[in-house]
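**Student:** File protein06.cif follows (mmCIF, C-alpha atoms):
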```
data_target
#
loop_
_atom_site.label_atom_id
_atom_site.label_comp_id
_atom_site.auth_asym_id
_atom_site.auth_seq_id
_atom_site.Cartn_x
_atom_site.Cartn_y
_atom_site.Cartn_z
CA MET A 25 142.22 110.80 77.58
CA HIS A 26 138.83 111.65 78.89
CA GLN A 27 140.06 112.63 82.31
CA ALA A 28 142.13 115.43 80.83
CA ASN A 29 139.04 116.82 79.17
CA PRO A 30 137.78 119.80 81.23
CA VAL A 31 134.19 119.33 80.07
CA LEU A 32 134.25 115.72 81.13
CA ALA A 33 135.84 116.61 84.45
CA LYS A 34 133.07 119.15 85.10
CA LEU A 35 130.36 116.67 84.22
CA GLN A 36 131.90 114.00 86.35
CA LEU A 37 132.17 116.45 89.22
CA GLU A 38 128.54 117.40 88.83
CA TRP A 39 127.58 113.75 88.82
CA SER A 40 129.71 112.89 91.82
CA ASN A 41 128.92 115.86 94.00
CA SER A 42 125.21 116.22 93.62
CA ASP A 43 123.13 114.50 96.28
CA ALA A 44 120.31 112.14 95.40
CA ALA A 45 117.61 114.78 95.74
CA SER A 46 119.28 117.28 93.50
CA ARG A 47 119.88 114.59 90.91
CA ARG A 48 116.17 113.81 90.92
CA ARG A 49 115.36 117.48 90.50
CA ALA A 50 117.86 117.66 87.69
CA GLY A 51 116.03 114.81 86.00
CA SER A 52 112.89 116.91 85.82
CA ARG A 53 114.83 119.95 84.64
CA PHE A 54 116.14 117.99 81.72
CA GLY A 55 112.55 117.12 80.84
CA VAL A 56 113.48 113.54 80.34
CA GLU A 57 110.77 111.29 78.95
CA GLY A 58 107.99 110.39 81.33
CA MET A 59 109.30 112.38 84.27
CA SER A 60 107.06 114.97 85.78
CA PRO A 61 108.58 117.56 88.14
CA SER A 62 106.31 116.51 91.00
CA ASN A 63 107.26 112.93 90.43
CA ALA A 64 110.90 113.71 90.40
CA GLN A 65 110.90 115.93 93.45
CA THR A 66 108.84 113.96 95.90
CA LYS A 67 110.15 110.47 95.52
CA GLU A 68 112.92 108.78 97.35
CA PRO A 69 115.35 106.74 95.31
CA ALA A 70 113.91 103.35 94.55
CA TYR A 71 116.56 101.50 96.44
CA GLU A 72 115.83 103.39 99.65
CA ARG A 73 112.26 102.23 99.75
CA THR A 74 111.02 99.07 101.31
CA SER A 75 110.23 96.24 98.94
CA GLN A 76 108.25 94.34 101.52
CA LYS A 77 104.76 93.60 100.25
CA THR A 78 101.78 93.46 102.53
CA PHE A 79 98.86 91.12 102.12
CA ALA A 80 96.75 94.03 100.94
CA ASP A 81 99.31 94.96 98.29
CA ARG A 82 99.22 91.48 96.89
CA TYR A 83 95.49 90.99 96.96
CA THR A 84 94.25 94.29 95.61
CA LEU A 85 96.09 93.87 92.35
CA GLY A 86 97.40 97.23 93.20
CA TYR A 87 98.64 100.10 91.28
CA ASN A 88 100.10 101.22 94.57
CA ASP A 89 103.19 103.06 95.65
CA SER A 90 105.34 100.42 94.07
CA MET A 91 103.98 101.45 90.67
CA ASP A 92 105.91 104.69 90.82
CA ARG A 93 109.06 102.80 91.53
CA LEU A 94 108.33 100.39 88.70
CA THR A 95 107.65 103.29 86.38
CA ASP A 96 111.13 104.60 87.13
CA VAL A 97 112.55 101.22 86.21
CA PHE A 98 110.57 100.96 82.99
CA ILE A 99 111.67 104.42 81.97
CA ALA A 100 115.24 103.58 82.86
CA VAL A 101 115.35 100.51 80.66
CA SER A 102 113.40 102.03 77.79
CA HIS A 103 116.42 103.59 76.11
CA PRO A 104 119.06 101.61 74.20
CA THR A 105 121.90 103.71 75.60
CA ARG A 106 120.78 103.04 79.16
CA ARG A 107 120.47 99.35 78.40
CA ALA A 108 123.97 99.41 76.99
CA ILE A 109 125.18 101.12 80.18
CA ILE A 110 123.48 98.41 82.25
CA GLY A 111 125.12 95.84 80.01
CA ARG A 112 128.50 97.39 80.67
CA LEU A 113 127.91 97.58 84.42
CA ALA A 114 126.57 94.02 84.60
CA ALA A 115 130.14 92.97 83.84
CA GLY A 116 131.38 94.86 86.90
CA PRO A 117 131.62 98.33 88.45
CA ALA A 118 133.08 101.07 86.28
CA ARG A 119 134.14 104.69 86.48
CA PHE A 120 132.19 107.45 84.75
CA THR A 121 134.91 107.72 82.14
CA ASP A 122 134.80 103.99 81.41
CA ILE A 123 131.05 104.17 80.94
CA ALA A 124 131.10 107.27 78.75
CA GLU A 125 133.94 106.17 76.51
CA PRO A 126 132.11 103.81 74.10
CA PHE A 127 129.34 106.26 73.35
CA ASP A 128 129.36 108.80 70.57
CA THR A 129 126.68 110.67 72.41
CA ALA A 130 127.45 113.93 74.23
CA LEU A 131 128.89 113.45 77.68
CA ASN A 132 126.14 115.39 79.41
CA SER A 133 123.76 112.95 77.79
CA VAL A 134 125.58 110.09 79.53
CA THR A 135 125.18 112.02 82.77
CA LYS A 136 121.44 112.25 82.19
CA HIS A 137 121.21 108.55 81.48
CA LEU A 138 123.10 107.77 84.68
CA LYS A 139 120.77 109.99 86.66
CA LEU A 140 117.75 108.11 85.38
CA LEU A 141 119.38 104.78 86.12
CA GLU A 142 120.20 105.90 89.63
CA ARG A 143 116.70 107.21 90.19
CA ALA A 144 115.38 103.77 89.30
CA GLY A 145 117.82 102.24 91.75
CA LEU A 146 119.52 100.31 88.98
CA ILE A 147 122.95 101.72 89.73
CA GLU A 148 124.76 102.99 92.78
CA ARG A 149 127.93 104.91 93.35
CA LYS A 150 130.69 103.90 95.67
CA LYS A 151 133.77 105.87 96.41
CA LEU A 152 136.96 103.87 96.45
CA GLY A 153 139.87 106.07 97.39
CA ARG A 154 139.65 109.14 95.22
CA GLU A 155 137.61 107.51 92.53
CA VAL A 156 133.88 106.95 92.22
CA PHE A 157 132.79 103.61 90.87
CA ILE A 158 129.34 102.99 89.53
CA SER A 159 127.86 99.54 89.92
CA PHE A 160 124.74 97.74 88.76
CA ARG A 161 121.91 96.70 91.08
CA GLY A 162 119.58 93.94 89.91
CA GLU A 163 116.90 94.18 92.60
CA PRO A 164 114.62 96.69 90.83
CA LEU A 165 114.54 94.47 87.75
CA ARG A 166 113.47 91.55 89.89
CA GLU A 167 110.67 93.69 91.32
CA VAL A 168 109.51 94.53 87.81
CA ALA A 169 109.58 90.86 86.86
CA GLU A 170 107.37 90.17 89.87
CA TRP A 171 105.00 92.95 88.87
CA VAL A 172 104.61 91.54 85.38
CA HIS A 173 103.05 88.56 87.08
CA GLU A 174 101.18 90.39 89.85
CA TYR A 175 97.76 90.33 88.20
CA GLU A 176 98.31 86.77 87.13
CA GLN A 177 99.41 85.88 90.63
CA PHE A 178 96.06 86.71 92.15
CA TRP A 179 94.00 84.67 89.71
CA LYS A 180 96.48 81.80 89.64
CA GLU A 181 96.28 81.46 93.39
CA ARG A 182 92.48 81.64 93.29
CA LEU A 183 92.23 79.00 90.57
CA ASP A 184 94.84 76.77 92.19
CA GLN A 185 92.76 76.71 95.34
CA PHE A 186 89.57 76.17 93.35
CA GLU A 187 91.16 73.25 91.49
CA GLN A 188 92.46 71.78 94.73
CA HIS A 189 89.00 71.95 96.26
CA PHE A 190 87.64 69.74 93.49
CA LYS A 191 90.62 67.39 93.58
CA ASP A 192 90.07 66.84 97.29
CA LYS A 193 86.37 66.37 96.69
CA ARG A 194 86.97 63.75 93.99
CA LYS A 195 89.44 61.89 96.22
CA LYS A 196 86.85 61.72 98.98
CA GLU A 197 84.22 60.47 96.55
CA LYS A 198 86.53 57.68 95.34
CA LYS A 199 87.18 56.44 98.86
CA MET B 30 91.36 113.62 69.86
CA THR B 31 91.27 110.58 72.06
CA GLN B 32 93.96 107.97 71.97
CA PRO B 33 93.04 104.34 72.60
CA LYS B 34 94.08 103.41 76.10
CA LYS B 35 96.74 100.83 76.67
CA THR B 36 95.45 97.85 78.54
CA ILE B 37 96.80 94.63 79.92
CA GLU B 38 95.17 91.22 79.69
CA VAL B 39 95.74 88.33 82.05
CA LYS B 40 94.75 84.79 81.12
CA VAL B 41 94.79 81.81 83.45
CA GLU B 42 93.67 78.27 82.62
CA ARG B 43 93.07 75.30 84.88
CA THR B 44 91.63 71.84 84.47
CA ILE B 45 89.02 71.34 87.15
CA PRO B 46 88.10 67.78 88.06
CA ALA B 47 84.36 68.41 87.94
CA THR B 48 81.64 68.93 85.35
CA PRO B 49 81.27 72.42 83.85
CA GLY B 50 78.02 72.83 85.78
CA GLU B 51 79.65 71.95 89.10
CA ALA B 52 82.58 74.26 88.44
CA PHE B 53 80.25 77.06 87.31
CA ASP B 54 78.11 76.81 90.45
CA ALA B 55 81.14 76.60 92.70
CA TRP B 56 82.71 79.71 91.16
CA LEU B 57 79.73 81.73 92.29
CA ASP B 58 79.45 80.13 95.73
CA PRO B 59 81.28 82.15 98.44
CA LYS B 60 81.56 79.00 100.55
CA VAL B 61 83.85 77.33 98.00
CA PRO B 62 87.53 78.10 98.47
CA GLY B 63 89.33 79.49 95.46
CA ASN B 64 86.84 81.95 94.06
CA PRO B 65 87.43 85.58 95.04
CA TRP B 66 84.18 85.74 96.99
CA SER B 67 85.41 83.16 99.49
CA MET B 68 87.89 85.63 100.97
CA GLY B 69 87.72 89.20 102.12
CA ASP B 70 85.85 91.19 104.75
CA LYS B 71 82.52 92.03 103.16
CA LEU B 72 80.67 90.67 100.18
CA LEU B 73 77.47 91.58 98.39
CA LEU B 74 76.99 89.26 95.42
CA ASN B 75 74.12 89.11 92.98
CA PRO B 76 75.38 86.90 90.15
CA HIS B 77 72.70 87.59 87.56
CA VAL B 78 72.91 89.68 84.42
CA ASP B 79 72.95 93.30 85.57
CA GLY B 80 73.42 92.15 89.16
CA PHE B 81 76.21 93.83 91.12
CA PHE B 82 78.90 92.72 93.47
CA TYR B 83 80.75 94.59 96.17
CA TRP B 84 83.82 92.94 97.60
CA LEU B 85 85.91 94.47 100.36
CA ILE B 86 89.29 93.05 101.16
CA ASN B 87 91.91 94.66 103.37
CA GLY B 88 90.28 98.07 103.06
CA THR B 89 90.06 97.97 99.28
CA SER B 90 86.65 97.96 97.63
CA HIS B 91 85.96 96.15 94.41
CA TYR B 92 82.79 96.68 92.41
CA GLY B 93 81.37 95.01 89.36
CA ARG B 94 78.30 94.24 87.29
CA PHE B 95 77.54 90.83 85.85
CA THR B 96 77.14 91.09 82.10
CA GLU B 97 76.89 87.42 81.13
CA VAL B 98 75.76 84.54 83.31
CA GLU B 99 75.22 81.51 81.09
CA ARG B 100 75.26 78.30 83.07
CA PRO B 101 77.33 76.18 82.64
CA ALA B 102 79.56 77.80 80.03
CA ARG B 103 80.33 81.41 80.84
CA ILE B 104 80.39 84.12 83.48
CA GLN B 105 81.41 87.66 82.67
CA HIS B 106 81.44 90.70 84.90
CA THR B 107 83.10 94.05 85.13
CA TRP B 108 85.73 94.69 87.78
CA MET B 109 86.61 98.06 89.25
CA SER B 110 88.90 98.90 92.11
CA ARG B 111 91.61 101.43 92.79
CA SER B 112 93.86 99.12 90.82
CA THR B 113 91.85 99.78 87.67
CA SER B 114 92.27 103.56 87.99
CA GLY B 115 88.56 104.24 87.57
CA GLU B 116 88.34 102.14 84.43
CA GLU B 117 86.02 99.15 84.04
CA SER B 118 88.04 96.03 83.47
CA THR B 119 86.37 92.78 82.48
CA VAL B 120 86.62 89.31 83.96
CA ALA B 121 85.37 86.49 81.73
CA VAL B 122 85.34 82.91 82.99
CA THR B 123 84.50 80.03 80.68
CA PHE B 124 83.92 76.37 81.49
CA GLN B 125 84.43 73.88 78.67
CA PRO B 126 84.05 70.10 78.93
CA LYS B 127 87.38 68.29 78.78
CA GLY B 128 86.78 64.57 79.10
CA GLU B 129 85.47 64.03 82.61
CA ASP B 130 86.87 67.38 83.64
CA THR B 131 86.38 71.03 82.84
CA LEU B 132 88.78 73.40 81.19
CA MET B 133 88.32 76.64 83.08
CA THR B 134 89.68 79.79 81.44
CA LEU B 135 89.75 83.15 83.17
CA VAL B 136 90.58 86.25 81.17
CA HIS B 137 90.91 89.57 82.99
CA SER B 138 91.10 92.21 80.28
CA GLY B 139 91.04 95.97 80.09
CA LEU B 140 93.41 96.43 83.00
CA PRO B 141 94.78 99.92 82.56
CA ASP B 142 98.38 100.36 81.65
CA THR B 143 98.37 104.09 82.14
CA ASP B 144 100.93 104.48 84.92
CA GLY B 145 104.25 105.06 83.39
CA GLY B 146 102.72 105.54 79.98
CA ARG B 147 105.30 105.32 77.28
CA GLY B 148 107.84 104.00 79.71
CA HIS B 149 105.67 100.97 80.34
CA GLU B 150 105.06 100.26 76.72
CA LYS B 151 108.72 100.26 75.97
CA GLY B 152 109.36 98.40 79.19
CA TRP B 153 107.06 95.57 78.21
CA ASN B 154 108.77 95.13 74.87
CA PHE B 155 112.04 95.11 76.65
CA PHE B 156 110.97 92.39 79.01
CA LEU B 157 109.40 90.35 76.27
CA ASP B 158 112.82 90.18 74.76
CA GLY B 159 113.97 88.37 77.86
CA PHE B 160 116.43 91.08 78.70
CA ALA B 161 115.40 91.37 82.33
CA GLN B 162 116.04 87.76 83.09
CA GLN B 163 119.51 88.01 81.69
CA PHE B 164 120.44 90.77 84.08
CA THR B 165 118.50 89.40 87.00
CA ASP B 166 120.47 86.21 86.58
CA ALA B 167 123.71 88.14 86.27
CA SER B 168 122.93 90.02 89.47
CA GLN B 169 122.02 86.86 91.34
CA LYS B 170 125.29 85.29 90.35
CA LYS B 171 127.16 88.24 91.76
CA GLU B 172 125.35 88.11 95.10
#
```
Represent the supplied structure as structure tokens.
**Tutor:**
Amino acid sequence: MHQANPVLAKLQLEWSNSDAASRRRAGSRFGVEGMSPSNAQTKEPAYERTSQKTFADRYTLGYNDSMDRLTDVFIAVSHPTRRAIIGRLAAGPARFTDIAEPFDTALNSVTKHLKLLERAGLIERKKLGREVFISFRGEPLREVAEWVHEYEQFWKERLDQFEQHFKDKRKKEKK
Amino acid sequence: MTQPKKTIEVKVERTIPATPGEAFDAWLDPKVPGNPWSMGDKLLLNPHVDGFFYWLINGTSHYGRFTEVERPARIQHTWMSRSTSGEESTVAVTFQPKGEDTLMTLVHSGLPDTDGGRGHEKGWNFFLDGFAQQFTDASQKKE
């Protein structure tokens, strides 16, 4: 059993005990793809930030603060193991041991993947009794889906209004 | 060694109930709702080849230079703002006759995809596979 494994127990303890900030710092220490130390140290977890968009955000086609958050999400979903972990968690919350079990990869590698997923706000930990359960959060993926269309959004709205202007004009002319 | 930069292209098409000439003129007229110039806080617009525009909206400046102005078929200009990370993106608008109407096509190309670098590239492929929707749906069901 995994839980009897002292290495696993240590890794799980590290995962469970570290606060969000230290996990982000750890991410940079591991030198995981696309993560710069400054990036990792200064940002709040994605899920702690507001997702409310202002008018200016929407109409400046912005690479704004939300881009950093989106970058975290893109990085998080860019690895097949992390996608598999999301797949597992989409079925329901799981313990660290449940998540690690199917993977041949080293256990500390699973820890790293979980850290990146948490940094992107795609997972969260909840303590139930003595056990920590990890669950999936879909909100950051929805934000990314919105961003995919952000540039399109601006021009679509412009052209919709432009089209409507001429439709109204033609209606008036027909009357 | 310079690597080609990753860029994004956005394409939007609409059928405008007007002639190409009418649509063309209206696209450059700040009084007509729908074109970008009709909104914002400050506008300087000189829609001729090598003419510039300055468009301020909600504290964000946008600059560009008209590179093609061919009535009634085509308008092309560059587009720079903080969202283009210092790079010149390009907006090309074409107006083609479509029966009594006009097929208007807007292509905004050269939008930088530098933030997130490799993560973005892989992310796009991921989303093109429709993976996101699957999990977004799954999450919505749970809520």
**Student:** Quick one: everything within 12 Å of Trp66 of chain B, counting only C-alpha atoms, minus sequence neighbours fewer than 2 positions away in the same chain. Send it as a list of chain:residue names.
**Tutor:**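 Here the qualifying residues turn out to be A:Arg182, A:Phe186, B:Ala55, B:Trp56, B:Leu57, B:Asp58, B:Pro59, B:Lys60, B:Val61, B:Pro62, B:Gly63, B:Asn64, B:Met68, B:Gly69, B:Asp70, B:Lys71, B:Leu72, B:Leu73, B:Leu74, B:Asn75, B:Pro76, B:Phe82, B:Tyr83, B:Trp84, B:Leu85, B:Ile86, B:His91, B:Tyr92.
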**Student:** Quick one: everything within 6 Å of Glu117 of chain B, counting all atoms listed in the file, minus sequence neighbours fewer than 5 positions away in the same chain. Send it as a PDB file with C-alpha atoms, keeping the file's coordinate frame.
**Tutor:**
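Output saved as out_3.pdb:
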```pdb
ATOM      1  CA  THR B 107      83.100  94.050  85.130  1.00  0.00           C
ATOM      2  CA  TRP B 108      85.730  94.690  87.780  1.00  0.00           C
ATOM      3  CA  MET B 109      86.610  98.060  89.250  1.00  0.00           C
TER       4      MET B 109
END
```
**Student:** Could you check which residues have any atom within 12 Å of (87.2, 66.2, 95.5), counting only C-alpha atoms with coordinates taken straight from the file, and then list them as an MDAnalysis selection string?
**Tutor:** (chainID A and resid 185:199) or (chainID B and resid 45:48 51:52 61 130)
**Student:** For Leu94 of chain A, work out the shell of residues within 8 Å, counting only C-alpha atoms and skipping chain neighbours fewer than 2 positions away, then give it as a list in words.
**Tutor:**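 The residues that qualify are Ser90, Met91, Asp92, Asp96, Val97, Phe98, Ala144, Pro164, Glu167 and Val168 of chain A.
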**Student:** Could you save the residues just selected, with C-alpha atoms, as a PDB file, keeping the file's coordinate frame?
**Tutor:**
```pdb
ATOM      1  CA  SER A  90     105.340 100.420  94.070  1.00  0.00           C
ATOM      2  CA  MET A  91     103.980 101.450  90.670  1.00  0.00           C
ATOM      3  CA  ASP A  92     105.910 104.690  90.820  1.00  0.00           C
ATOM      4  CA  ASP A  96     111.130 104.600  87.130  1.00  0.00           C
ATOM      5  CA  VAL A  97     112.550 101.220  86.210  1.00  0.00           C
ATOM      6  CA  PHE A  98     110.570 100.960  82.990  1.00  0.00           C
ATOM      7  CA  ALA A 144     115.380 103.770  89.300  1.00  0.00           C
ATOM      8  CA  PRO A 164     114.620  96.690  90.830  1.00  0.00           C
ATOM      9  CA  GLU A 167     110.670  93.690  91.320  1.00  0.00           C
ATOM     10  CA  VAL A 168     109.510  94.530  87.810  1.00  0.00           C
TER      11      VAL A 168
END
```
**Student:** Which residues would end up in the selection if the PyMOL selection byres ((chain B and resi 104) around 7) were applied here, given that I need the answer as a short mmCIF file (atom, residue, chain, number, x, y, z; two decimals) with C-alpha atoms, keeping the file's coordinate frame?
**Tutor:**
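Produced file result_30.cif, reproduced below:
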```
data_model
loop_
_atom_site.label_atom_id
_atom_site.label_comp_id
_atom_site.auth_asym_id
_atom_site.auth_seq_id
_atom_site.Cartn_x
_atom_site.Cartn_y
_atom_site.Cartn_z
CA GLU B 97 76.89 87.42 81.13
CA VAL B 98 75.76 84.54 83.31
CA GLU B 99 75.22 81.51 81.09
CA ARG B 103 80.33 81.41 80.84
CA GLN B 105 81.41 87.66 82.67
CA HIS B 106 81.44 90.70 84.90
CA ALA B 121 85.37 86.49 81.73
CA VAL B 122 85.34 82.91 82.99
CA THR B 123 84.50 80.03 80.68
#
```
**Student:** What gap, in Å, lies between atom CA of Glu125 of chain A and atom CA of Gly153 of chain A?
**Tutor:** 21.7 Å
**Student:** Name the residues captured by the PyMOL selection byres ((chain B and resi 34-41) around 6) when it is applied to the shown file; answer as a short mmCIF file (atom, residue, chain, number, x, y, z; two decimals) with C-alpha atoms, in the coordinates of the input.
**Tutor:**
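To be explicit, this is the file written out as expr.cif:
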```cif
data_model
loop_
_atom_site.label_atom_id
_atom_site.label_comp_id
_atom_site.auth_asym_id
_atom_site.auth_seq_id
_atom_site.Cartn_x
_atom_site.Cartn_y
_atom_site.Cartn_z
CA GLU A 176 98.31 86.77 87.13
CA PRO B 33 93.04 104.34 72.60
CA GLU B 42 93.67 78.27 82.62
CA THR B 134 89.68 79.79 81.44
CA LEU B 135 89.75 83.15 83.17
CA VAL B 136 90.58 86.25 81.17
CA HIS B 137 90.91 89.57 82.99
CA SER B 138 91.10 92.21 80.28
CA GLY B 139 91.04 95.97 80.09
CA LEU B 140 93.41 96.43 83.00
CA PRO B 141 94.78 99.92 82.56
CA ASP B 142 98.38 100.36 81.65
#
```
**Student:** Smallest atom-to-atom distance to chain B: which of A:Leu131, A:Ile109, A:Ala115, A:Ile158, using only C-alpha atoms?
**Tutor:**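 For chain B, the nearest of the candidates is A:Ala115.
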